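Here is final-v7.pdb, consisting of PDB, C-alpha atoms, pLDDT in the B column:
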ATOM      1  CA  MET A 505     -39.631 -19.081   2.698  1.00 34.00           C
ATOM      2  CA  GLU A 506     -43.124 -19.728   4.085  1.00 40.00           C
ATOM      3  CA  LYS A 507     -43.586 -20.406   7.750  1.00 45.00           C
ATOM      4  CA  VAL A 508     -45.281 -23.677   8.610  1.00 45.00           C
ATOM      5  CA  ASN A 509     -48.006 -23.934  11.217  1.00 54.00           C
ATOM      6  CA  ASN A 510     -46.577 -26.320  13.855  1.00 69.00           C
ATOM      7  CA  LYS A 511     -48.931 -25.319  16.645  1.00 80.00           C
ATOM      8  CA  LYS A 512     -50.929 -28.210  18.137  1.00 87.00           C
ATOM      9  CA  CYS A 513     -54.237 -28.170  19.984  1.00 90.00           C
ATOM     10  CA  SER A 514     -53.881 -27.386  23.723  1.00 90.00           C
ATOM     11  CA  PHE A 515     -56.504 -30.007  24.654  1.00 88.00           C
ATOM     12  CA  GLN A 516     -54.594 -33.079  25.881  1.00 89.00           C
ATOM     13  CA  ASP A 517     -56.735 -35.529  23.912  1.00 90.00           C
ATOM     14  CA  HIS A 518     -56.044 -33.588  20.696  1.00 90.00           C
ATOM     15  CA  LYS A 519     -52.386 -32.752  21.315  1.00 86.00           C
ATOM     16  CA  GLU A 520     -51.372 -34.315  17.989  1.00 90.00           C
ATOM     17  CA  VAL A 521     -53.960 -32.359  16.003  1.00 90.00           C
ATOM     18  CA  ASP A 522     -52.979 -29.068  14.321  1.00 89.00           C
ATOM     19  CA  ALA A 523     -54.527 -25.967  15.870  1.00 88.00           C
ATOM     20  CA  VAL A 524     -56.663 -23.706  13.690  1.00 88.00           C
ATOM     21  CA  VAL A 525     -57.275 -20.797  16.087  1.00 87.00           C
ATOM     22  CA  TYR A 526     -55.802 -19.153  19.156  1.00 84.00           C
ATOM     23  CA  CYS A 527     -58.008 -17.757  21.947  1.00 85.00           C
ATOM     24  CA  GLN A 528     -56.630 -14.540  23.361  1.00 77.00           C
ATOM     25  CA  GLU A 529     -58.592 -14.750  26.613  1.00 80.00           C
ATOM     26  CA  CYS A 530     -57.976 -18.455  27.327  1.00 84.00           C
ATOM     27  CA  LYS A 531     -54.386 -18.396  26.044  1.00 81.00           C
ATOM     28  CA  VAL A 532     -54.916 -21.731  24.290  1.00 86.00           C
ATOM     29  CA  TYR A 533     -54.617 -23.159  20.809  1.00 87.00           C
ATOM     30  CA  LEU A 534     -57.681 -24.969  19.491  1.00 90.00           C
ATOM     31  CA  CYS A 535     -58.151 -27.514  16.735  1.00 91.00           C
ATOM     32  CA  ASN A 536     -61.161 -27.365  14.461  1.00 89.00           C
ATOM     33  CA  LYS A 537     -63.305 -29.627  16.692  1.00 90.00           C
ATOM     34  CA  CYS A 538     -62.455 -27.754  19.904  1.00 93.00           C
ATOM     35  CA  GLU A 539     -62.996 -24.425  18.224  1.00 90.00           C
ATOM     36  CA  ASN A 540     -66.594 -25.371  17.363  1.00 89.00           C
ATOM     37  CA  PHE A 541     -67.454 -25.980  21.034  1.00 89.00           C
ATOM     38  CA  HIS A 542     -65.358 -23.079  22.315  1.00 90.00           C
ATOM     39  CA  SER A 543     -66.959 -20.489  20.009  1.00 86.00           C
ATOM     40  CA  LYS A 544     -70.421 -21.537  21.223  1.00 85.00           C
ATOM     41  CA  LEU A 545     -69.452 -21.415  24.902  1.00 87.00           C
ATOM     42  CA  PHE A 546     -67.435 -18.181  24.788  1.00 88.00           C
ATOM     43  CA  ILE A 547     -68.964 -16.012  22.099  1.00 83.00           C
ATOM     44  CA  ASN A 548     -67.165 -12.867  23.329  1.00 84.00           C
ATOM     45  CA  HIS A 549     -63.660 -14.340  23.275  1.00 85.00           C
ATOM     46  CA  HIS A 550     -61.228 -13.092  20.663  1.00 78.00           C
ATOM     47  CA  GLN A 551     -59.999 -15.861  18.413  1.00 80.00           C
ATOM     48  CA  TYR A 552     -57.220 -15.542  15.865  1.00 78.00           C
ATOM     49  CA  LYS A 553     -57.080 -17.875  12.916  1.00 80.00           C
ATOM     50  CA  ILE A 554     -53.720 -19.550  12.532  1.00 76.00           C
ATOM     51  CA  ASP A 555     -52.576 -19.077   8.952  1.00 67.00           C
ATOM     52  CA  ILE A 556     -49.116 -19.333   7.413  1.00 49.00           C
ATOM     53  CA  ASP A 557     -47.643 -16.486   9.469  1.00 49.00           C
ATOM     54  CA  ILE A 558     -48.620 -17.585  12.990  1.00 56.00           C
ATOM     55  CA  GLN A 559     -46.020 -15.243  14.473  1.00 57.00           C
ATOM     56  CA  GLU A 560     -48.445 -12.348  13.982  1.00 59.00           C
ATOM     57  CA  ILE A 561     -50.724 -13.729  16.726  1.00 64.00           C
ATOM     58  CA  PHE A 562     -50.189 -11.898  20.011  1.00 69.00           C
ATOM     59  CA  THR A 563     -50.589 -14.386  22.867  1.00 68.00           C
ATOM     60  CA  GLY A 564     -49.307 -12.250  25.730  1.00 74.00           C
ATOM     61  CA  TYR A 565     -46.364 -14.628  26.162  1.00 75.00           C
ATOM     62  CA  CYS A 566     -42.797 -14.101  25.047  1.00 81.00           C
ATOM     63  CA  LYS A 567     -42.088 -15.383  21.547  1.00 77.00           C
ATOM     64  CA  GLU A 568     -38.384 -15.862  22.090  1.00 78.00           C
ATOM     65  CA  GLU A 569     -37.263 -19.431  21.624  1.00 73.00           C
ATOM     66  CA  ASN A 570     -37.635 -21.512  24.836  1.00 76.00           C
ATOM     67  CA  HIS A 571     -39.263 -18.573  26.650  1.00 77.00           C
ATOM     68  CA  THR A 572     -42.578 -19.628  28.210  1.00 73.00           C
ATOM     69  CA  ASN A 573     -43.071 -16.650  30.519  1.00 81.00           C
ATOM     70  CA  LYS A 574     -45.735 -13.983  30.280  1.00 83.00           C
ATOM     71  CA  LEU A 575     -44.749 -10.541  28.990  1.00 86.00           C
ATOM     72  CA  GLU A 576     -44.684  -8.358  32.119  1.00 88.00           C
ATOM     73  CA  PHE A 577     -41.909  -5.833  31.443  1.00 91.00           C
ATOM     74  CA  PHE A 578     -41.063  -3.111  28.975  1.00 91.00           C
ATOM     75  CA  CYS A 579     -37.568  -2.299  27.701  1.00 91.00           C
ATOM     76  CA  ARG A 580     -37.196   1.407  27.016  1.00 89.00           C
ATOM     77  CA  ASN A 581     -33.909   0.945  25.169  1.00 89.00           C
ATOM     78  CA  HIS A 582     -35.443  -1.358  22.550  1.00 88.00           C
ATOM     79  CA  ASN A 583     -39.078  -0.204  22.865  1.00 88.00           C
ATOM     80  CA  GLN A 584     -40.006  -3.828  23.330  1.00 88.00           C
ATOM     81  CA  LEU A 585     -42.067  -6.040  25.645  1.00 90.00           C
ATOM     82  CA  CYS A 586     -40.073  -8.710  27.452  1.00 89.00           C
ATOM     83  CA  CYS A 587     -40.405 -11.468  30.039  1.00 89.00           C
ATOM     84  CA  SER A 588     -38.376 -12.472  33.090  1.00 87.00           C
ATOM     85  CA  SER A 589     -36.188 -14.742  30.945  1.00 86.00           C
ATOM     86  CA  CYS A 590     -35.240 -11.731  28.832  1.00 88.00           C
ATOM     87  CA  LEU A 591     -33.970 -10.010  32.001  1.00 86.00           C
ATOM     88  CA  CYS A 592     -32.053 -13.038  33.238  1.00 85.00           C
ATOM     89  CA  LYS A 593     -28.469 -12.270  34.253  1.00 79.00           C
ATOM     90  CA  ILE A 594     -27.332 -15.375  32.391  1.00 76.00           C
ATOM     91  CA  LYS A 595     -26.603 -14.378  28.822  1.00 73.00           C
ATOM     92  CA  ASP A 596     -26.879 -17.577  26.876  1.00 74.00           C
ATOM     93  CA  LYS A 597     -28.469 -17.890  23.421  1.00 68.00           C
ATOM     94  CA  LYS A 598     -31.584 -15.680  23.722  1.00 71.00           C
ATOM     95  CA  TYR A 599     -31.553 -15.258  27.478  1.00 81.00           C
ATOM     96  CA  GLY A 600     -30.591 -12.005  29.170  1.00 80.00           C
ATOM     97  CA  GLN A 601     -30.650  -9.773  26.053  1.00 82.00           C
ATOM     98  CA  HIS A 602     -32.184  -6.932  28.119  1.00 83.00           C
ATOM     99  CA  THR A 603     -30.069  -7.374  31.272  1.00 83.00           C
ATOM    100  CA  ASN A 604     -28.312  -4.010  30.942  1.00 85.00           C
ATOM    101  CA  CYS A 605     -31.318  -2.076  29.569  1.00 89.00           C
ATOM    102  CA  GLU A 606     -33.676   0.378  31.247  1.00 90.00           C
ATOM    103  CA  VAL A 607     -36.621  -1.880  32.116  1.00 90.00           C
ATOM    104  CA  CYS A 608     -39.892  -1.118  33.905  1.00 91.00           C
ATOM    105  CA  TYR A 609     -43.197  -2.802  34.707  1.00 90.00           C
ATOM    106  CA  LEU A 610     -45.991  -2.518  32.181  1.00 88.00           C
ATOM    107  CA  LYS A 611     -48.154  -0.567  34.641  1.00 87.00           C
ATOM    108  CA  ASP A 612     -45.394   2.074  34.881  1.00 86.00           C
ATOM    109  CA  ILE A 613     -45.736   2.948  31.198  1.00 88.00           C
ATOM    110  CA  LYS A 614     -49.525   2.606  31.042  1.00 86.00           C
ATOM    111  CA  ASN A 615     -50.245   6.348  31.099  1.00 87.00           C
ATOM    112  CA  GLU A 616     -47.264   7.121  28.894  1.00 86.00           C
ATOM    113  CA  LYS A 617     -48.428   4.694  26.199  1.00 86.00           C
ATOM    114  CA  ARG A 618     -52.025   5.885  26.604  1.00 87.00           C
ATOM    115  CA  ASN A 619     -50.931   9.462  25.979  1.00 89.00           C
ATOM    116  CA  ASN A 620     -48.871   8.352  23.002  1.00 87.00           C
ATOM    117  CA  LEU A 621     -51.881   6.455  21.696  1.00 87.00           C
ATOM    118  CA  LYS A 622     -54.108   9.514  22.004  1.00 92.00           C
ATOM    119  CA  LYS A 623     -51.451  11.613  20.318  1.00 91.00           C
ATOM    120  CA  ASN A 624     -51.212   9.125  17.485  1.00 91.00           C
ATOM    121  CA  ILE A 625     -55.012   9.028  17.218  1.00 92.00           C
ATOM    122  CA  ASN A 626     -55.113  12.834  16.974  1.00 92.00           C
ATOM    123  CA  ASN A 627     -52.356  12.793  14.389  1.00 92.00           C
ATOM    124  CA  LEU A 628     -54.161  10.125  12.385  1.00 91.00           C
ATOM    125  CA  GLU A 629     -57.443  12.030  12.601  1.00 93.00           C
ATOM    126  CA  GLU A 630     -55.714  15.193  11.432  1.00 93.00           C
ATOM    127  CA  LEU A 631     -53.952  13.237   8.697  1.00 92.00           C
ATOM    128  CA  SER A 632     -57.240  11.632   7.652  1.00 92.00           C
ATOM    129  CA  LYS A 633     -58.886  15.071   7.539  1.00 93.00           C
ATOM    130  CA  ASN A 634     -56.020  16.496   5.477  1.00 94.00           C
ATOM    131  CA  ILE A 635     -56.160  13.529   3.120  1.00 94.00           C
ATOM    132  CA  ASP A 636     -59.926  13.946   2.664  1.00 93.00           C
ATOM    133  CA  GLU A 637     -59.444  17.653   1.945  1.00 94.00           C
ATOM    134  CA  ALA A 638     -56.614  16.873  -0.467  1.00 94.00           C
ATOM    135  CA  ILE A 639     -58.742  14.265  -2.239  1.00 94.00           C
ATOM    136  CA  ASN A 640     -61.607  16.742  -2.578  1.00 95.00           C
ATOM    137  CA  LYS A 641     -59.224  19.367  -3.958  1.00 95.00           C
ATOM    138  CA  ILE A 642     -57.830  16.840  -6.411  1.00 95.00           C
ATOM    139  CA  LYS A 643     -61.363  15.956  -7.524  1.00 95.00           C
ATOM    140  CA  VAL A 644     -62.230  19.627  -8.025  1.00 95.00           C
ATOM    141  CA  LEU A 645     -58.952  20.190  -9.854  1.00 95.00           C
ATOM    142  CA  TYR A 646     -59.598  17.160 -12.032  1.00 94.00           C
ATOM    143  CA  GLU A 647     -63.090  18.412 -12.926  1.00 95.00           C
ATOM    144  CA  THR A 648     -61.701  21.871 -13.674  1.00 95.00           C
ATOM    145  CA  ILE A 649     -58.927  20.485 -15.870  1.00 95.00           C
ATOM    146  CA  ASN A 650     -61.364  18.149 -17.613  1.00 94.00           C
ATOM    147  CA  ASN A 651     -63.737  21.049 -18.307  1.00 95.00           C
ATOM    148  CA  GLN A 652     -60.841  23.134 -19.607  1.00 95.00           C
ATOM    149  CA  LYS A 653     -59.822  20.244 -21.830  1.00 94.00           C
ATOM    150  CA  GLU A 654     -63.317  19.951 -23.319  1.00 95.00           C
ATOM    151  CA  GLU A 655     -63.543  23.742 -23.802  1.00 95.00           C
ATOM    152  CA  LEU A 656     -60.162  23.762 -25.551  1.00 95.00           C
ATOM    153  CA  LYS A 657     -61.250  20.913 -27.829  1.00 94.00           C
ATOM    154  CA  LEU A 658     -64.422  22.826 -28.743  1.00 95.00           C
ATOM    155  CA  LYS A 659     -62.416  25.983 -29.478  1.00 95.00           C
ATOM    156  CA  ILE A 660     -59.992  24.037 -31.688  1.00 95.00           C
ATOM    157  CA  GLN A 661     -62.890  22.384 -33.523  1.00 95.00           C
ATOM    158  CA  LYS A 662     -64.533  25.792 -34.052  1.00 95.00           C
ATOM    159  CA  ILE A 663     -61.282  27.336 -35.318  1.00 95.00           C
ATOM    160  CA  PHE A 664     -60.645  24.523 -37.791  1.00 95.00           C
ATOM    161  CA  THR A 665     -64.298  24.582 -38.916  1.00 94.00           C
ATOM    162  CA  ASN A 666     -63.900  28.300 -39.662  1.00 94.00           C
ATOM    163  CA  ILE A 667     -60.613  27.617 -41.430  1.00 94.00           C
ATOM    164  CA  ARG A 668     -62.187  24.869 -43.552  1.00 94.00           C
ATOM    165  CA  ASN A 669     -65.156  27.116 -44.417  1.00 94.00           C
ATOM    166  CA  ALA A 670     -62.798  29.974 -45.320  1.00 93.00           C
ATOM    167  CA  ILE A 671     -60.669  27.625 -47.453  1.00 94.00           C
ATOM    168  CA  ASN A 672     -63.743  26.247 -49.238  1.00 92.00           C
ATOM    169  CA  GLU A 673     -65.040  29.772 -49.852  1.00 93.00           C
ATOM    170  CA  ARG A 674     -61.646  30.881 -51.125  1.00 92.00           C
ATOM    171  CA  GLU A 675     -61.450  27.814 -53.338  1.00 91.00           C
ATOM    172  CA  ASP A 676     -64.799  28.624 -54.923  1.00 91.00           C
ATOM    173  CA  LYS A 677     -63.724  32.223 -55.551  1.00 92.00           C
ATOM    174  CA  LEU A 678     -60.434  31.126 -57.102  1.00 91.00           C
ATOM    175  CA  LEU A 679     -62.152  28.618 -59.363  1.00 90.00           C
ATOM    176  CA  LEU A 680     -64.635  31.263 -60.530  1.00 90.00           C
ATOM    177  CA  GLU A 681     -61.806  33.747 -61.052  1.00 88.00           C
ATOM    178  CA  ILE A 682     -59.870  31.229 -63.133  1.00 86.00           C
ATOM    179  CA  ASP A 683     -62.937  30.588 -65.321  1.00 82.00           C
ATOM    180  CA  LYS A 684     -63.422  34.318 -65.723  1.00 82.00           C
ATOM    181  CA  GLN A 685     -59.775  35.029 -66.604  1.00 80.00           C
ATOM    182  CA  PHE A 686     -59.477  32.161 -69.052  1.00 78.00           C
ATOM    183  CA  ASP A 687     -62.783  33.066 -70.706  1.00 71.00           C
ATOM    184  CA  ASN A 688     -61.601  36.648 -71.199  1.00 71.00           C
ATOM    185  CA  ILE A 689     -58.069  35.842 -72.349  1.00 63.00           C
ATOM    186  CA  TYR A 690     -58.563  32.619 -74.276  1.00 60.00           C
ATOM    187  CA  PHE A 691     -61.353  31.036 -76.262  1.00 58.00           C
ATOM    188  CA  LYS A 692     -64.902  30.951 -75.089  1.00 63.00           C
ATOM    189  CA  GLU A 693     -67.180  28.026 -75.707  1.00 67.00           C
ATOM    190  CA  GLU A 694     -69.336  30.200 -78.004  1.00 70.00           C
ATOM    191  CA  MET A 695     -66.279  30.954 -80.129  1.00 70.00           C
ATOM    192  CA  ILE A 696     -65.621  27.248 -80.550  1.00 71.00           C
ATOM    193  CA  LYS A 697     -69.196  26.676 -81.616  1.00 74.00           C
ATOM    194  CA  THR A 698     -68.975  29.571 -84.085  1.00 73.00           C
ATOM    195  CA  ILE A 699     -65.695  28.270 -85.486  1.00 70.00           C
ATOM    196  CA  GLU A 700     -67.161  24.801 -85.803  1.00 73.00           C
ATOM    197  CA  LYS A 701     -69.867  26.295 -88.091  1.00 73.00           C
ATOM    198  CA  LEU A 702     -67.335  27.903 -90.452  1.00 70.00           C
ATOM    199  CA  PRO A 703     -66.543  24.812 -92.583  1.00 72.00           C
ATOM    200  CA  ASN A 704     -70.218  24.290 -93.410  1.00 75.00           C
ATOM    201  CA  LYS A 705     -70.693  27.990 -94.101  1.00 69.00           C
ATOM    202  CA  ILE A 706     -67.654  28.066 -96.361  1.00 71.00           C
ATOM    203  CA  LYS A 707     -68.812  24.913 -98.147  1.00 72.00           C
ATOM    204  CA  LYS A 708     -72.216  26.437 -98.768  1.00 73.00           C
ATOM    205  CA  SER A 709     -70.602  29.610-100.101  1.00 71.00           C
ATOM    206  CA  LEU A 710     -68.295  27.532-102.304  1.00 73.00           C
ATOM    207  CA  ASP A 711     -71.174  25.504-103.684  1.00 71.00           C
ATOM    208  CA  ARG A 712     -73.116  28.674-104.338  1.00 72.00           C
ATOM    209  CA  GLY A 713     -70.128  30.274-106.091  1.00 72.00           C
ATOM    210  CA  ASN A 714     -69.627  27.257-108.341  1.00 73.00           C
ATOM    211  CA  LYS A 715     -73.319  27.272-109.233  1.00 72.00           C
ATOM    212  CA  LEU A 716     -73.192  30.973-110.113  1.00 66.00           C
ATOM    213  CA  ASP A 717     -70.089  30.413-112.203  1.00 68.00           C
ATOM    214  CA  LYS A 718     -71.864  27.765-114.248  1.00 71.00           C
ATOM    215  CA  GLU A 719     -74.917  29.999-114.803  1.00 68.00           C
ATOM    216  CA  TRP A 720     -72.921  33.130-115.606  1.00 66.00           C
ATOM    217  CA  ASP A 721     -73.613  33.027-119.396  1.00 66.00           C
ATOM    218  CA  ASP A 722     -77.361  32.741-118.927  1.00 64.00           C
ATOM    219  CA  GLU A 723     -78.714  36.198-120.023  1.00 64.00           C
ATOM    220  CA  ASN A 724     -82.074  35.546-118.502  1.00 61.00           C
ATOM    221  CA  LYS A 725     -80.574  35.019-115.043  1.00 64.00           C
ATOM    222  CA  LEU A 726     -77.842  37.663-115.249  1.00 63.00           C
ATOM    223  CA  ILE A 727     -79.514  40.128-112.898  1.00 70.00           C
ATOM    224  CA  LEU A 728     -80.184  37.375-110.325  1.00 70.00           C
ATOM    225  CA  ILE A 729     -76.653  36.068-110.708  1.00 65.00           C
ATOM    226  CA  ILE A 730     -75.068  39.488-110.154  1.00 68.00           C
ATOM    227  CA  ASN A 731     -77.331  40.084-107.129  1.00 68.00           C
ATOM    228  CA  ASP A 732     -76.313  36.705-105.665  1.00 66.00           C
ATOM    229  CA  CYS A 733     -72.645  37.562-106.226  1.00 66.00           C
ATOM    230  CA  ILE A 734     -73.101  40.838-104.374  1.00 66.00           C
ATOM    231  CA  ASN A 735     -74.796  39.054-101.417  1.00 64.00           C
ATOM    232  CA  SER A 736     -72.246  36.226-101.305  1.00 57.00           C
ATOM    233  CA  SER A 737     -69.308  38.654-101.114  1.00 53.00           C
ATOM    234  CA  SER A 738     -70.847  40.802 -98.372  1.00 51.00           C
TER     235      SER A 738
END

Once you've parsed the file, please lay out its structure as structure tokens.
Amino acid sequence: MEKVNNKKCSFQDHKEVDAVVYCQECKVYLCNKCENFHSKLFINHHQYKIDIDIQEIFTGYCKEENHTNKLEFFCRNHNQLCCSSCLCKIKDKKYGQHTNCEVCYLKDIKNEKRNNLKKNINNLEELSKNIDEAINKIKVLYETINNQKEELKLKIQKIFTNIRNAINEREDKLLLEIDKQFDNIYFKEEMIKTIEKLPNKIKKSLDRGNKLDKEWDDENKLILIINDCINSSS
């Protein structure tokens, strides 16, 4: 469920107007009109826009319900900032929740938190460096793998091109071999052409024989007839 901005402007004359920003230095909420003047007067002040989740704005004051005190203490047990109301001996509703905890002033943990901050900064710098190195290694690895992929594709293409050429060459040889074998074992085209001429040749011989038979009794042509018979039978 969304949180609703119920913060009003801190200026008395605009107390019914919704605030749009919070000034960290002035510790006040400002409506749109006040913010225009304030930003011109105090250009170095830190202002936080009040959006849906206004709880994210750090004001320096306790955010517990009904607590209006400034955060001046630190609870080691809960690792949490707290105000005087949080340390109250009266435990009622949200009062006194840190009564029995190990509490100290903020100044007492200043150096401790500063050292922790520096340690965290060093860790983050080291982490950032390691991440950058890891990213660079990943990029190099990616380029290497990509190059290997392209080289493998080229090798496969070359292999299959050689296979296709070998198959085509083998196909041509087989087709030629089949033609050769069938021509040697079975009929050749020349034989068909020769056979196709036989009927006409036989017909001519038959016509010639019939003609000679009719002229056989002609004494004047007997020598020619006998010679033609010899040639027709050879």

Translate the PyMOL selection byres ((chain A and resi 536) around 12), as applied to the file shown, into an explicit residue set as a VMD selection string.
chain A and resid 512 to 515 518 521 to 526 533 to 535 537 to 543 553 to 554

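Proximity ranking of A:Val532, A:Lys718, A:Arg580, A:Gln685 relative to Glu616 of chain A places A:Arg580 first, based on all atoms listed in the file.
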
Extract, using all atoms listed in the file, all DNA, RNA and protein residues at most 10 Å from Ser588 of chain A, discarding same-chain residues fewer than 4 positions from it, and format them as an MDAnalysis selection string.
chainID A and resid 566 571:577 592:593 599:600 602:603

**Asked** Any idea what the distance is between atom CA of Glu700 of chain A and atom CA of Leu680 of chain A?
**Response**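 These atoms are spaced 26.2 Å apart.
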